[in-house]
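**Student:** What follows is the file model.txt, containing compact mmCIF, C-alpha atoms:
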```
# COMPACT_ATOMS: atom_id res chain seq x y z
CA MET X 1 149.21 -52.73 158.09
CA GLN X 2 145.61 -52.86 156.89
CA TRP X 3 142.80 -55.15 158.03
CA MET X 4 139.53 -53.55 156.92
CA THR X 5 139.46 -51.86 153.53
CA GLU X 6 137.06 -50.43 150.99
CA ASP X 7 139.41 -51.37 148.17
CA PRO X 8 139.37 -54.70 146.30
CA LEU X 9 141.34 -57.29 148.25
CA ASP X 10 144.84 -57.89 146.91
CA LEU X 11 145.84 -61.53 147.36
CA ASP X 12 149.21 -61.02 145.68
CA ALA X 13 150.11 -58.36 148.23
CA LEU X 14 149.24 -60.65 151.12
CA LEU X 15 151.24 -63.50 149.60
CA GLN X 16 154.22 -61.22 149.22
CA GLU X 17 153.80 -59.87 152.74
CA THR X 18 153.78 -63.39 154.23
CA GLU X 19 156.61 -64.90 152.18
CA ASP X 20 158.56 -67.27 154.41
CA ASP X 21 161.19 -69.69 153.13
CA ALA X 22 160.82 -71.84 156.23
CA CYS X 23 157.24 -72.68 155.31
CA GLY X 24 156.25 -75.57 153.08
CA ALA X 25 152.53 -74.96 153.33
CA LEU X 26 150.39 -72.06 152.22
CA VAL X 27 146.62 -72.04 152.78
CA VAL X 28 144.42 -69.27 151.39
CA PHE X 29 140.74 -68.91 152.21
CA ALA X 30 138.72 -66.45 150.18
CA GLY X 31 135.09 -65.69 150.95
CA THR X 32 133.24 -64.53 147.84
CA VAL X 33 129.81 -63.07 147.20
CA ARG X 34 127.42 -65.71 145.91
CA ASN X 35 124.42 -65.11 143.69
CA HIS X 36 121.73 -66.49 145.98
CA HIS X 37 120.65 -66.44 149.61
CA GLU X 38 117.94 -68.55 151.19
CA GLY X 39 116.34 -69.25 147.84
CA LYS X 40 116.42 -65.69 146.52
CA GLY X 41 118.59 -64.44 143.70
CA VAL X 42 121.28 -61.99 144.82
CA SER X 43 122.67 -59.36 142.46
CA GLY X 44 125.16 -57.76 144.83
CA MET X 45 126.03 -57.14 148.44
CA SER X 46 127.01 -54.21 150.59
CA TYR X 47 129.24 -54.74 153.63
CA SER X 48 129.29 -52.30 156.50
CA ALA X 49 131.45 -52.46 159.61
CA TYR X 50 132.19 -50.83 162.93
CA LYS X 51 135.66 -50.20 161.63
CA PRO X 52 137.64 -49.21 164.73
CA MET X 53 136.62 -52.40 166.49
CA ALA X 54 136.84 -54.52 163.36
CA ASP X 55 140.45 -53.51 162.75
CA ARG X 56 141.32 -54.43 166.32
CA VAL X 57 139.47 -57.77 166.14
CA LEU X 58 141.35 -58.83 163.01
CA LYS X 59 144.71 -57.73 164.38
CA GLU X 60 144.11 -59.67 167.60
CA LEU X 61 142.78 -62.70 165.71
CA GLU X 62 145.94 -62.89 163.61
CA GLN X 63 148.03 -62.88 166.79
CA GLU X 64 145.75 -65.38 168.50
CA THR X 65 146.00 -67.75 165.53
CA LEU X 66 149.79 -67.50 165.57
CA GLU X 67 149.85 -68.31 169.29
CA ARG X 68 147.29 -71.12 169.14
CA PHE X 69 148.71 -73.04 166.18
CA PRO X 70 152.27 -73.87 165.07
CA VAL X 71 152.07 -71.55 162.08
CA GLU X 72 154.55 -68.89 161.04
CA GLN X 73 152.38 -66.38 159.20
CA CYS X 74 148.74 -65.29 159.41
CA ARG X 75 147.14 -62.33 157.67
CA ILE X 76 143.46 -61.49 157.42
CA MET X 77 141.76 -58.73 155.44
CA HIS X 78 138.08 -57.92 155.05
CA ARG X 79 136.37 -55.66 152.58
CA THR X 80 133.56 -53.16 153.07
CA GLY X 81 131.38 -51.31 150.58
CA ASN X 82 129.49 -52.53 147.54
CA LEU X 83 130.65 -55.85 146.12
CA ALA X 84 129.60 -57.64 142.95
CA ILE X 85 128.88 -61.34 142.64
CA GLY X 86 132.12 -63.29 142.77
CA GLU X 87 134.18 -60.58 144.43
CA ALA X 88 136.18 -61.52 147.52
CA SER X 89 134.96 -60.07 150.79
CA VAL X 90 137.54 -61.72 153.03
CA LEU X 91 140.99 -63.26 152.66
CA VAL X 92 142.82 -65.44 155.18
CA VAL X 93 146.44 -66.33 154.41
CA VAL X 94 148.30 -68.80 156.62
CA ARG X 95 151.77 -70.26 156.16
CA SER X 96 153.31 -73.04 158.23
CA HIS X 97 156.04 -75.66 158.03
CA HIS X 98 153.51 -78.41 157.31
CA ARG X 99 150.06 -78.41 155.71
CA ALA X 100 147.91 -79.79 158.54
CA ASP X 101 148.72 -76.88 160.80
CA ALA X 102 148.01 -74.34 158.06
CA PHE X 103 144.62 -75.91 157.28
CA ASP X 104 143.66 -76.00 160.97
CA ALA X 105 144.78 -72.44 161.62
CA ALA X 106 143.03 -71.01 158.57
CA ARG X 107 139.81 -72.78 159.52
CA TYR X 108 140.06 -71.44 163.05
CA ALA X 109 140.74 -67.91 161.84
CA ILE X 110 137.76 -67.74 159.47
CA ASP X 111 135.35 -69.47 161.86
CA THR X 112 136.33 -67.15 164.69
CA LEU X 113 136.11 -64.08 162.49
CA LYS X 114 132.53 -65.02 161.69
CA VAL X 115 131.43 -64.61 165.31
CA ARG X 116 133.68 -61.76 166.43
CA LEU X 117 133.92 -59.34 163.54
CA PRO X 118 131.41 -56.46 163.60
CA VAL X 119 130.48 -56.64 159.92
CA TRP X 120 127.01 -56.71 158.38
CA LYS X 121 125.82 -57.87 154.97
CA HIS X 122 123.09 -56.03 153.11
CA ASP X 123 121.82 -58.15 150.24
CA GLU X 124 120.58 -56.70 146.98
CA TYR X 125 118.17 -59.19 145.47
CA THR X 126 117.44 -59.73 141.82
CA ASP X 127 113.78 -58.82 142.45
CA GLY X 128 114.88 -55.31 143.44
CA THR X 129 114.45 -55.68 147.19
CA ARG X 130 117.19 -55.32 149.78
CA ALA X 131 117.63 -56.78 153.25
CA TYR X 132 120.21 -57.19 155.97
CA GLN X 133 121.16 -60.79 156.59
CA ASP X 134 120.44 -62.00 160.09
CA GLY X 135 123.30 -63.58 161.97
CA VAL X 136 124.66 -64.46 165.37
CA PRO X 137 125.14 -62.15 168.35
CA LEU X 138 128.64 -60.77 168.47
CA GLN X 139 130.93 -62.76 170.75
CA GLU X 140 133.87 -61.69 172.84
CA PRO X 141 137.39 -63.14 172.57
CA GLY X 142 137.49 -66.59 174.07
CA ALA X 143 134.32 -67.70 172.34
CA VAL X 144 134.61 -71.08 170.65
CA PRO X 145 133.80 -70.57 166.98
CA GLY X 146 132.32 -74.02 166.46
CA GLU X 147 129.55 -73.28 168.94
CA ASN X 148 127.74 -71.13 166.42
CA ARG X 149 128.45 -73.06 163.28
CA ASP X 150 125.29 -75.12 163.50
CA GLN X 151 123.03 -72.29 164.56
CA GLU X 152 123.06 -70.31 161.36
CA MET R 1 123.56 -36.58 177.43
CA LEU R 2 124.54 -39.88 175.87
CA VAL R 3 125.09 -40.50 172.17
CA VAL R 4 123.93 -43.92 170.94
CA GLU R 5 125.22 -45.14 167.59
CA PHE R 6 123.48 -47.71 165.40
CA TYR R 7 124.98 -50.17 162.93
CA GLY R 8 123.59 -52.61 160.39
CA VAL R 9 119.87 -53.27 160.46
CA LEU R 10 119.50 -50.99 163.49
CA GLN R 11 120.23 -47.96 161.30
CA GLN R 12 117.50 -49.03 158.94
CA VAL R 13 114.94 -49.58 161.70
CA ALA R 14 115.83 -46.39 163.58
CA GLY R 15 116.07 -44.34 160.39
CA ALA R 16 119.22 -42.73 161.74
CA ARG R 17 122.87 -43.46 162.47
CA SER R 18 122.62 -42.23 166.05
CA LEU R 19 120.41 -40.59 168.63
CA LYS R 20 121.03 -38.49 171.71
CA LEU R 21 119.58 -39.58 175.04
CA GLU R 22 118.79 -37.17 177.82
CA ALA R 23 119.01 -39.44 180.84
CA ALA R 24 116.88 -38.67 183.89
CA LYS R 25 119.68 -39.77 186.19
CA SER R 26 123.38 -39.13 186.01
CA SER R 27 124.62 -42.71 185.96
CA LEU R 28 123.12 -45.38 183.77
CA THR R 29 123.92 -49.00 183.18
CA VAL R 30 124.08 -50.26 179.62
CA GLY R 31 120.80 -52.10 180.19
CA GLU R 32 119.10 -48.94 181.41
CA ALA R 33 120.37 -47.05 178.40
CA LEU R 34 118.90 -49.73 176.13
CA ASP R 35 115.54 -49.32 177.89
CA LEU R 36 115.65 -45.61 177.06
CA VAL R 37 116.55 -46.39 173.45
CA GLN R 38 113.54 -48.69 173.23
CA GLU R 39 111.27 -45.96 174.61
CA ARG R 40 112.51 -43.54 171.95
CA VAL R 41 112.47 -46.06 169.09
CA PRO R 42 109.91 -48.78 169.83
CA GLY R 43 110.67 -50.45 166.52
CA LEU R 44 114.02 -51.57 167.90
CA ALA R 45 112.38 -53.67 170.63
CA GLU R 46 112.67 -56.96 168.78
CA HIS R 47 116.34 -56.34 167.98
CA LEU R 48 117.70 -55.11 171.31
CA PRO R 49 117.75 -58.48 173.11
CA ARG R 50 120.33 -59.76 170.57
CA VAL R 51 122.35 -56.58 170.31
CA ALA R 52 125.95 -56.39 171.56
CA CYS R 53 127.06 -53.09 173.06
CA ALA R 54 130.45 -51.42 172.88
CA GLN R 55 132.17 -48.37 174.25
CA ALA R 56 135.67 -47.32 173.30
CA GLU R 57 135.77 -50.24 170.87
CA GLN R 58 135.33 -52.80 173.65
CA LEU R 59 132.24 -54.90 174.27
CA VAL R 60 130.42 -54.00 177.47
CA ARG R 61 127.93 -56.02 179.51
CA ARG R 62 124.45 -54.77 180.26
CA ASP R 63 125.14 -54.44 183.97
CA GLN R 64 128.17 -52.23 183.39
CA PRO R 65 127.92 -48.46 183.87
CA VAL R 66 127.83 -46.31 180.75
CA ASP R 67 130.53 -43.70 180.23
CA PRO R 68 128.48 -40.67 179.15
CA GLU R 69 131.53 -39.11 177.51
CA ARG R 70 131.73 -41.85 174.87
CA PRO R 71 129.16 -43.07 172.36
CA LEU R 72 127.36 -46.27 173.24
CA VAL R 73 127.60 -48.38 170.10
CA LEU R 74 124.86 -50.91 169.36
CA LEU R 75 125.97 -53.85 167.24
CA PRO R 76 123.33 -56.22 165.84
CA PRO R 77 124.08 -59.90 165.20
CA VAL R 78 126.91 -60.28 162.72
CA SER R 79 126.02 -61.98 159.47
CA GLY R 80 129.01 -64.18 159.26
CA GLY R 81 127.62 -67.11 157.36
CA THR R 82 128.45 -70.70 158.18
CA GLY R 83 130.82 -73.41 157.10
CA ARG R 84 127.93 -74.92 155.16
CA CYS R 85 126.82 -71.65 153.59
CA PRO R 86 128.21 -70.94 150.13
CA CYS R 87 128.10 -67.21 150.79
CA ASN R 88 131.48 -66.24 152.20
CA GLY R 89 132.34 -69.81 152.79
```
As structure tokens - that is how I would like this structure written.

**Tutor:**
Amino acid sequence: MQWMTEDPLDLDALLQETEDDACGALVVFAGTVRNHHEGKGVSGMSYSAYKPMADRVLKELEQETLERFPVEQCRIMHRTGNLAIGEASVLVVVRSHHRADAFDAARYAIDTLKVRLPVWKHDEYTDGTRAYQDGVPLQEPGAVPGENRDQE
Amino acid sequence: MLVVEFYGVLQQVAGARSLKLEAAKSSLTVGEALDLVQERVPGLAEHLPRVACAQAEQLVRRDQPVDPERPLVLLPPVSGGTGRCPCNG
């Protein structure tokens, strides 16, 4: 099973992998590269990661999401390397019997990923400059994702 | 000797992916190792207070002893975006 990859993310593969006839709800979150950041035009983005730890974090987060919410399936994949505007950098796929649980679980998974996953964004701006985006200090398992949402 | 690895903006500031520390004493805490890193690369000073540290793919606290057989990995703040931010959600 893959979590971090340099290849384009394959939503169809994740949908196939999580097929579950007992589930009536499917929620997909895709994070995509936007064309601006803090008022500057962005032409592309490079993602780097501490891969051994990142793979483990995503694997554990999938399991944690399955244990914390009444959902049947959870898969998360994150991309590294150079991405163009509009390309997906992260996919979260959750399936559950009913929609409310799938929405809640997917939200939890992506919010938690944002504070636990050792991944860094290096913006390429339309003016030719480049810069790493600042962020939040990495948090250990058990951190409440909402605590950082308003600090960024 | 202890190998210290850099990620993200730390690589850019240090101009390298890693450095080797020759410690004056045999056992160091993570915090003491960071002090040595700052002596070697003063430009990292403003970043180190917000850096997370890992060994063997696990986060370690600054008061924990460093295992000199494994790289000490320095992880800057993660740029995860926010629920309000249109970049990556």

**Student:** I'd like the neighbourhood of region 24-28 of chain X as a PyMOL selection string, where a residue qualifies if any of its atoms comes within 6 Å (using all atoms listed in the file), though same-chain residues fewer than 6 positions away should be ignored.

**Tutor:** chain X and resi 92-99+102

**Student:** Starting from the point (148.8, -70.6, 168.3), work out which residues of protein, DNA or RNA have an atom no more than 12 Å away when counting all atoms listed in the file; state them as a PDB file with C-alpha atoms, keeping the file's coordinate frame.

**Tutor:**
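Okay, out-v4.pdb is ready:
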```pdb
ATOM      1  CA  GLU X  60     144.110 -59.670 167.600  1.00  0.00           C
ATOM      2  CA  LEU X  61     142.780 -62.700 165.710  1.00  0.00           C
ATOM      3  CA  GLU X  62     145.940 -62.890 163.610  1.00  0.00           C
ATOM      4  CA  GLN X  63     148.030 -62.880 166.790  1.00  0.00           C
ATOM      5  CA  GLU X  64     145.750 -65.380 168.500  1.00  0.00           C
ATOM      6  CA  THR X  65     146.000 -67.750 165.530  1.00  0.00           C
ATOM      7  CA  LEU X  66     149.790 -67.500 165.570  1.00  0.00           C
ATOM      8  CA  GLU X  67     149.850 -68.310 169.290  1.00  0.00           C
ATOM      9  CA  ARG X  68     147.290 -71.120 169.140  1.00  0.00           C
ATOM     10  CA  PHE X  69     148.710 -73.040 166.180  1.00  0.00           C
ATOM     11  CA  PRO X  70     152.270 -73.870 165.070  1.00  0.00           C
ATOM     12  CA  VAL X  71     152.070 -71.550 162.080  1.00  0.00           C
ATOM     13  CA  GLU X  72     154.550 -68.890 161.040  1.00  0.00           C
ATOM     14  CA  GLN X  73     152.380 -66.380 159.200  1.00  0.00           C
ATOM     15  CA  CYS X  74     148.740 -65.290 159.410  1.00  0.00           C
ATOM     16  CA  VAL X  94     148.300 -68.800 156.620  1.00  0.00           C
ATOM     17  CA  SER X  96     153.310 -73.040 158.230  1.00  0.00           C
ATOM     18  CA  ASP X 101     148.720 -76.880 160.800  1.00  0.00           C
ATOM     19  CA  ALA X 102     148.010 -74.340 158.060  1.00  0.00           C
ATOM     20  CA  ASP X 104     143.660 -76.000 160.970  1.00  0.00           C
ATOM     21  CA  ALA X 105     144.780 -72.440 161.620  1.00  0.00           C
ATOM     22  CA  ALA X 106     143.030 -71.010 158.570  1.00  0.00           C
ATOM     23  CA  TYR X 108     140.060 -71.440 163.050  1.00  0.00           C
ATOM     24  CA  ALA X 109     140.740 -67.910 161.840  1.00  0.00           C
TER      25      ALA X 109
END
```

**Student:** Please provide the set of residues having any atom within 7 Å of region 30-44 of chain R, restricted to only C-alpha atoms, with same-chain residues fewer than 6 positions apart removed, written as number ranges by chain.

**Tutor:** R: 13-14, 61-66

**Student:** Would you kindly report the residues of chain X within 6 Å of chain R, using all atoms listed in the file, as number ranges by chain?

**Tutor:** X: 31-34, 53, 114, 118-120, 132-138, 149

**Student:** Between CA of Arg17 (chain R) and CA of Pro68 (chain R), what is the distance, to one decimal in Å?

**Tutor:**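 Between CA of Arg17 (chain R) and CA of Pro68 (chain R) the gap is 17.8 Å.
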
**Student:** Just to confirm, what's the straight-line distance from CA of Asp12 (chain X) to CA of Leu91 (chain X) in Å (one decimal)?

**Tutor:**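 So the answer is 11.0 Å.
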
**Student:** Between CA of Gln11 (chain R) and CA of Ala45 (chain R), what is the spacing in Å?

**Tutor:**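 We find that CA of Ala45 (chain R) and CA of Gln11 (chain R) lie 13.5 Å from each other.
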